[in-house]
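> Just dropping this structure here.
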Amino acid sequence: MRRTWMRGALPVAGRILRTLRGDRRTLALVVVVPAFVLYLLGEVFVRPDPVAHVVLAVVVFFLTYILTAIGFLRERTAGTLERVLVSPISRAGLVVGYLLGYGVLAFVQSVVLLLAAVSFLGVSFANGVALFLFVEMLGALTALGTGVVLSLFADNEFQAIQFIPVVITPQVLLGETFRPVSELPAHLEYPALAMPVTHLVRAMEFVVHGGDAGEFRLAVAVLVGFALGAVALASVVIRRAS
Amino acid sequence: MPPTLRTTDLRREFGSITALDGVDLSLGDGEILGVAGPNGSGKTTLIRCLLGLLRPTAGEATVDGTPTEALAAADRRHIGYMPQARAIYDDLTVRENVAFFASLYGVGDDAVDRALSFVDLADRASARIGELSGGMVRRTSLACALVHDPEILFLDEPTVGLDPKLRASMWDGFRQRRNDGALVVVSTHYLGEVSRCDRVLFLREGRVLALDSPEGFLDRTDTRDLEMAFLALLENAPPARGESSPAGGEESR
Ligand SMILES: Nc1ncnc2c1ncn2[C@@H]1O[C@H](COP(=O)(O)OP(=O)(O)OP(=O)(O)O)[C@@H](O)[C@H]1O
Ligand SMILES: [Mg+2]
């Protein structure tokens with residue numbers, strides 16, 4: 001077999017995307033919801049610019065978390081994961097399959113967001129559209145690994161949803177959204193720095209509004225670390241998941 | 001070389017529950033092993049240990065001499081598994097489900113067609129799983145398990161919910177595979193089916209109560225059908241671990 005370490009990646013990615021065709025609601029969640037959220041934002045804020053980068057950062061992260069956490073949970077509880085694991089797939093193949101499948105979805109979401117941001121919010125990307133897509137994909141990878149890992153601690157879909165207020169909301173509240181992290185009380189500053197969303201929002205601020213390139217590079221480096229760490233952790237736990 | 005399966009003093013515990021309690025088993029040369037026993041007696045746990053999905057607490061399970069937790073991709077290519085749970089993708093069609101597993105095993109469209117006609121679903125191939133009857137769902141799952149013509153086939157209650165005619169034709173198919181040299185391990189609660197196996201492993205509370213041919217069971221219990229034979233065995237067996245009936249039967253994931 002060629003490229004044995006990736007064996008099974010393409011079938012798994014194809015299956016993830018094909019599953020969506022039969023699942024219209026999720027498809028709507030991917031394509032319609034990001035645009036709708038930005039539309040509402042444009043209607044609510046007279047001057048949406050200051051919050052635009054936060055919303056752009058959080059939406060893809062949040063949706064990718066939901067999609068992967070629920071998707072992987074279903075795979076586990078339906079018994080299909082067990083079946084996939086006894087096939088000749090390699091562990092890397094399974095992980096890369098997930099990355100490809102949900103990565104394509106995250107990319108589609110990012111493009112929808114991009115178009116919506118330009119048309120509803122009048123955002124002009126100070127540092128270019130390519131950088132925007134790059135940062136979105138880094139955030140999505142981190143969310144993807146987080147979703148797979150957290151879904152191991154859930155027995156059903158409702159429990160996976162329960163992680164949202166516990167794990168996701170604090171990140172959004174603390175992560176440079178309402179107040180710069182440096183102004184937070186010390187006991188919250190360090191947790192905030194340990195959360196991926198903080199760095200995602202920082203990186204996105206540079207992409208949208210411009211600013212200090214050094215800080216941007218630091219934020220991207222930290223995000224790359226989070227993304228690699230989350231994906232590595234996911235691939236370690238994936239085999240034990242059944 | 002025909003495939004072989006072996007367990008030596010296989011034990012598996014879940015916390016305080018002992019699901020398998022010293023199982024010794026040796027299979028080879030193309031045969032159908034029936035696995036029978038009450039709910040919670042360890043049938044599914046045995047199959048999952050043989051597949052390498054569960055690590056034994058003690059003892060060993062091997063396929064062709066390799067411990068099952070260490071099976072390489074090349075070994076797994078020859079193994080098929082139909083879990084007791086539903087284990088197919090509800091948002092895909094029948095054909096997409098079977099084709100997905102076919103692609104994991106690197107077999108093509110003609111294998112998918114063959115599997116679909118084996119379970120008699122060729123005319124429903126483009127139906128989504130959500131539109132199918134319960135028996136058709138099971139048949140799709142079965143097709144996914146044997147699309148790659150495995151040499152070792154593990155079937156965990158494959159014929160639950162199938163009508164008698166289909167069940168009979170499935171069994172003809174299993175025996176056909178056996179005649180071609182495959183090893184088939186089938187757990188079942190239909191004792192009528194057990195008589196179609198070459199040997200039957202009867203489990204209770206994780207222990208082997210008996211391992212014999214169907215005729216052997218009738219002889220040793222002096223009964224006329226297997227249902228009565230098993231009831232007789234259960235009654236005459238010494239009580240295991242205090243005679244409280246286990247709360248088991250809950251399917252594991
Ligand atoms: N993942 C698990 N966690 C905890 N206990 C488990 C797990 N899997 C199985 N058990 C326990 O092990 C015992 C054997 O279960 P098993 O599923 O092997 O039974 P079975 O013979 O397949 O039953 P059934 O006929 O209901 O399918 C039961 O007591 C069950 O509760
Ligand atoms: Mg069972």
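Here's how to read the names in the structure tokens: chain A, B, ... by the order shown, residue numbers from 1 in each chain, ligand numbers from 1 in the order shown.
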What does the list of residues within 10 Å of ligand 2 look like if you count only C-alpha atoms and all ligand atoms, written as a list in words?

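Listing the residues within 10 Å of ligand 2 gives Ala36, Gly37, Pro38, Asn39, Gly40, Ser41, Gly42, Lys43, Thr44, Thr45, Leu46, Ile47, Arg48, Pro83, Gln84, Ala85, Asp156, Glu157, Ser187, Thr188, His189, Gly248, Gly249, Glu250, Glu251 and Ser252 of chain B.
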
> Kindly export the residues of the current selection with N, CA and C atoms, as a PDB file, in the first residue's frame.


```
ATOM      1  N   ALA B  36     -22.625 -18.648  22.756  1.00  0.00           N
ATOM      2  CA  ALA B  36     -23.936 -18.488  23.368  1.00  0.00           C
ATOM      3  C   ALA B  36     -23.772 -18.239  24.855  1.00  0.00           C
ATOM      4  N   GLY B  37     -24.846 -17.802  25.481  1.00  0.00           N
ATOM      5  CA  GLY B  37     -24.811 -17.552  26.922  1.00  0.00           C
ATOM      6  C   GLY B  37     -25.769 -16.430  27.266  1.00  0.00           C
ATOM      7  N   PRO B  38     -26.168 -16.357  28.536  1.00  0.00           N
ATOM      8  CA  PRO B  38     -27.141 -15.329  28.961  1.00  0.00           C
ATOM      9  C   PRO B  38     -26.607 -13.912  28.743  1.00  0.00           C
ATOM     10  N   ASN B  39     -27.478 -12.932  28.851  1.00  0.00           N
ATOM     11  CA  ASN B  39     -27.057 -11.521  28.767  1.00  0.00           C
ATOM     12  C   ASN B  39     -25.985 -11.260  29.814  1.00  0.00           C
ATOM     13  N   GLY B  40     -24.931 -10.576  29.392  1.00  0.00           N
ATOM     14  CA  GLY B  40     -23.877 -10.223  30.338  1.00  0.00           C
ATOM     15  C   GLY B  40     -22.913 -11.354  30.625  1.00  0.00           C
ATOM     16  N   SER B  41     -22.963 -12.433  29.864  1.00  0.00           N
ATOM     17  CA  SER B  41     -22.081 -13.564  30.152  1.00  0.00           C
ATOM     18  C   SER B  41     -20.685 -13.365  29.569  1.00  0.00           C
ATOM     19  N   GLY B  42     -20.503 -12.346  28.733  1.00  0.00           N
ATOM     20  CA  GLY B  42     -19.155 -12.041  28.246  1.00  0.00           C
ATOM     21  C   GLY B  42     -18.936 -12.291  26.763  1.00  0.00           C
ATOM     22  N   LYS B  43     -19.991 -12.510  26.009  1.00  0.00           N
ATOM     23  CA  LYS B  43     -19.842 -12.800  24.573  1.00  0.00           C
ATOM     24  C   LYS B  43     -19.192 -11.634  23.827  1.00  0.00           C
ATOM     25  N   THR B  44     -19.770 -10.435  24.025  1.00  0.00           N
ATOM     26  CA  THR B  44     -19.230  -9.268  23.329  1.00  0.00           C
ATOM     27  C   THR B  44     -17.815  -8.967  23.804  1.00  0.00           C
ATOM     28  N   THR B  45     -17.580  -9.097  25.094  1.00  0.00           N
ATOM     29  CA  THR B  45     -16.240  -8.827  25.628  1.00  0.00           C
ATOM     30  C   THR B  45     -15.217  -9.781  25.004  1.00  0.00           C
ATOM     31  N   LEU B  46     -15.593 -11.039  24.839  1.00  0.00           N
ATOM     32  CA  LEU B  46     -14.683 -12.010  24.219  1.00  0.00           C
ATOM     33  C   LEU B  46     -14.347 -11.574  22.792  1.00  0.00           C
ATOM     34  N   ILE B  47     -15.372 -11.208  22.042  1.00  0.00           N
ATOM     35  CA  ILE B  47     -15.138 -10.805  20.651  1.00  0.00           C
ATOM     36  C   ILE B  47     -14.258  -9.560  20.595  1.00  0.00           C
ATOM     37  N   ARG B  48     -14.506  -8.601  21.497  1.00  0.00           N
ATOM     38  CA  ARG B  48     -13.712  -7.366  21.457  1.00  0.00           C
ATOM     39  C   ARG B  48     -12.268  -7.614  21.882  1.00  0.00           C
ATOM     40  N   PRO B  83     -20.347  -5.249  14.801  1.00  0.00           N
ATOM     41  CA  PRO B  83     -20.630  -5.051  16.223  1.00  0.00           C
ATOM     42  C   PRO B  83     -22.096  -5.307  16.545  1.00  0.00           C
ATOM     43  N   GLN B  84     -22.343  -5.470  17.836  1.00  0.00           N
ATOM     44  CA  GLN B  84     -23.723  -5.657  18.288  1.00  0.00           C
ATOM     45  C   GLN B  84     -24.517  -4.362  18.118  1.00  0.00           C
ATOM     46  N   ALA B  85     -23.847  -3.230  18.316  1.00  0.00           N
ATOM     47  CA  ALA B  85     -24.504  -1.929  18.152  1.00  0.00           C
ATOM     48  C   ALA B  85     -24.750  -1.662  16.667  1.00  0.00           C
ATOM     49  N   ASP B 156     -21.337 -10.156  15.944  1.00  0.00           N
ATOM     50  CA  ASP B 156     -21.951 -10.083  17.274  1.00  0.00           C
ATOM     51  C   ASP B 156     -23.460  -9.955  17.103  1.00  0.00           C
ATOM     52  N   GLU B 157     -24.141 -11.063  17.261  1.00  0.00           N
ATOM     53  CA  GLU B 157     -25.597 -11.148  17.084  1.00  0.00           C
ATOM     54  C   GLU B 157     -26.031 -10.586  15.731  1.00  0.00           C
ATOM     55  N   SER B 187     -21.858 -14.683  17.742  1.00  0.00           N
ATOM     56  CA  SER B 187     -22.601 -14.776  18.995  1.00  0.00           C
ATOM     57  C   SER B 187     -24.088 -14.715  18.671  1.00  0.00           C
ATOM     58  N   THR B 188     -24.872 -15.416  19.420  1.00  0.00           N
ATOM     59  CA  THR B 188     -26.306 -15.427  19.118  1.00  0.00           C
ATOM     60  C   THR B 188     -27.126 -15.836  20.330  1.00  0.00           C
ATOM     61  N   HIS B 189     -28.369 -15.373  20.321  1.00  0.00           N
ATOM     62  CA  HIS B 189     -29.331 -15.840  21.325  1.00  0.00           C
ATOM     63  C   HIS B 189     -30.338 -16.794  20.708  1.00  0.00           C
ATOM     64  N   GLY B 248     -25.865  -7.341  34.489  1.00  0.00           N
ATOM     65  CA  GLY B 248     -25.245  -7.069  33.182  1.00  0.00           C
ATOM     66  C   GLY B 248     -26.178  -6.913  31.998  1.00  0.00           C
ATOM     67  N   GLY B 249     -25.630  -7.106  30.824  1.00  0.00           N
ATOM     68  CA  GLY B 249     -26.441  -6.997  29.629  1.00  0.00           C
ATOM     69  C   GLY B 249     -26.371  -5.633  29.011  1.00  0.00           C
ATOM     70  N   GLU B 250     -25.947  -4.669  29.779  1.00  0.00           N
ATOM     71  CA  GLU B 250     -25.779  -3.316  29.224  1.00  0.00           C
ATOM     72  C   GLU B 250     -24.676  -3.349  28.179  1.00  0.00           C
ATOM     73  N   GLU B 251     -24.985  -2.881  27.002  1.00  0.00           N
ATOM     74  CA  GLU B 251     -23.953  -2.968  25.955  1.00  0.00           C
ATOM     75  C   GLU B 251     -22.886  -1.912  26.194  1.00  0.00           C
ATOM     76  N   SER B 252     -21.647  -2.311  25.957  1.00  0.00           N
ATOM     77  CA  SER B 252     -20.534  -1.407  26.220  1.00  0.00           C
ATOM     78  C   SER B 252     -20.104  -0.706  24.953  1.00  0.00           C
TER      79      SER B 252
END
```

> Which polymer residues have any atom within 7 Å of an atom of stretch 101-115 of chain B, counting only C-alpha atoms, with same-chain residues fewer than 6 positions away left out, as an NGL selection string?

(:A and (8 or 11 or 87-89)) or (:B and (77 or 143-144 or 146-148))

> Got time to write the residues from that selection, N, CA and C atoms, as a PDB file, in the first residue's frame?


```
ATOM      1  N   GLY A   8      -6.060   5.459   4.958  1.00  0.00           N
ATOM      2  CA  GLY A   8      -7.408   5.671   5.454  1.00  0.00           C
ATOM      3  C   GLY A   8      -7.813   7.133   5.549  1.00  0.00           C
ATOM      4  N   PRO A  11     -10.504   8.242   2.663  1.00  0.00           N
ATOM      5  CA  PRO A  11     -11.853   7.725   2.896  1.00  0.00           C
ATOM      6  C   PRO A  11     -12.548   8.409   4.078  1.00  0.00           C
ATOM      7  N   SER A  87     -10.255  -1.813  11.228  1.00  0.00           N
ATOM      8  CA  SER A  87      -9.858  -1.849   9.818  1.00  0.00           C
ATOM      9  C   SER A  87      -8.369  -1.533   9.723  1.00  0.00           C
ATOM     10  N   PRO A  88      -7.763  -1.700   8.534  1.00  0.00           N
ATOM     11  CA  PRO A  88      -6.312  -1.457   8.436  1.00  0.00           C
ATOM     12  C   PRO A  88      -5.915   0.017   8.437  1.00  0.00           C
ATOM     13  N   ILE A  89      -6.762   0.907   8.891  1.00  0.00           N
ATOM     14  CA  ILE A  89      -6.430   2.333   8.941  1.00  0.00           C
ATOM     15  C   ILE A  89      -5.283   2.546   9.926  1.00  0.00           C
TER      16      ILE A  89
ATOM     17  N   ARG B  77      -6.381  -6.417   7.802  1.00  0.00           N
ATOM     18  CA  ARG B  77      -7.013  -6.459   6.491  1.00  0.00           C
ATOM     19  C   ARG B  77      -7.853  -7.731   6.293  1.00  0.00           C
ATOM     20  N   ALA B 143     -23.274  -6.179   5.655  1.00  0.00           N
ATOM     21  CA  ALA B 143     -22.583  -5.976   4.372  1.00  0.00           C
ATOM     22  C   ALA B 143     -21.259  -5.238   4.589  1.00  0.00           C
ATOM     23  N   CYS B 144     -21.248  -4.256   5.506  1.00  0.00           N
ATOM     24  CA  CYS B 144     -20.014  -3.513   5.799  1.00  0.00           C
ATOM     25  C   CYS B 144     -18.956  -4.446   6.373  1.00  0.00           C
ATOM     26  N   LEU B 146     -18.461  -7.683   5.737  1.00  0.00           N
ATOM     27  CA  LEU B 146     -17.856  -8.715   4.892  1.00  0.00           C
ATOM     28  C   LEU B 146     -17.568  -8.253   3.479  1.00  0.00           C
ATOM     29  N   VAL B 147     -17.569  -6.932   3.279  1.00  0.00           N
ATOM     30  CA  VAL B 147     -17.333  -6.415   1.933  1.00  0.00           C
ATOM     31  C   VAL B 147     -15.946  -6.793   1.416  1.00  0.00           C
ATOM     32  N   HIS B 148     -14.977  -6.977   2.315  1.00  0.00           N
ATOM     33  CA  HIS B 148     -13.605  -7.263   1.877  1.00  0.00           C
ATOM     34  C   HIS B 148     -13.277  -8.744   1.965  1.00  0.00           C
TER      35      HIS B 148
END
```

> Within 10 Å of chain B, which residues of chain A show up when using only C-alpha atoms, listed as a ChimeraX atom specification?

/A:1,4,7-12,14-16,18-24,74-90,155,239-242

> Of the candidates B:Thr66, B:Thr8, B:Thr18, B:Thr221, which shows the shortest atom-to-atom distance to B:Glu205, using only C-alpha atoms?

B:Thr18

> Please extract the residues of stretch 36-217 of chain A with a backbone DSSP assignment of alpha helix (DSSP H) and present them as JSON, numbers by chain.

{"A": [36, 37, 38, 39, 40, 41, 42, 43, 44, 49, 50, 51, 52, 53, 54, 55, 56, 57, 58, 59, 60, 61, 62, 63, 64, 65, 66, 67, 68, 69, 70, 71, 72, 73, 74, 75, 76, 77, 78, 80, 81, 82, 83, 84, 85, 86, 91, 92, 93, 94, 95, 96, 97, 98, 99, 100, 101, 102, 103, 104, 105, 106, 107, 108, 109, 110, 111, 112, 113, 114, 115, 116, 129, 130, 131, 132, 133, 134, 135, 136, 137, 138, 139, 140, 141, 142, 143, 144, 145, 146, 147, 148, 149, 150, 151, 157, 158, 159, 160, 161, 162, 163, 169, 170, 171, 172, 173, 174, 186, 187, 188, 189, 190, 191, 192, 193, 196, 197, 198, 199, 200, 201, 202, 203, 204, 205, 206, 207, 208, 209, 213, 214, 215, 216, 217]}

> So what do you get for atom CA of A:Gly97 versus atom CA of A:Leu150, distance-wise?

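These two atoms are separated by 18.5 Å.
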
> Just want the 10 Å neighbourhood of stretch 166-168 of chain B, counted on only C-alpha atoms, with same-chain residues fewer than 3 positions away dropped. Output as a list in words.

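Once the nearby chain positions are removed, what remains is Val119, Asp120, Gly135, Arg139, Pro158, Thr159, Val160, Gly161, Leu162, Asp163, Trp171, Asp172, Gly173, Phe174, Glu193 and Arg196 of chain B.
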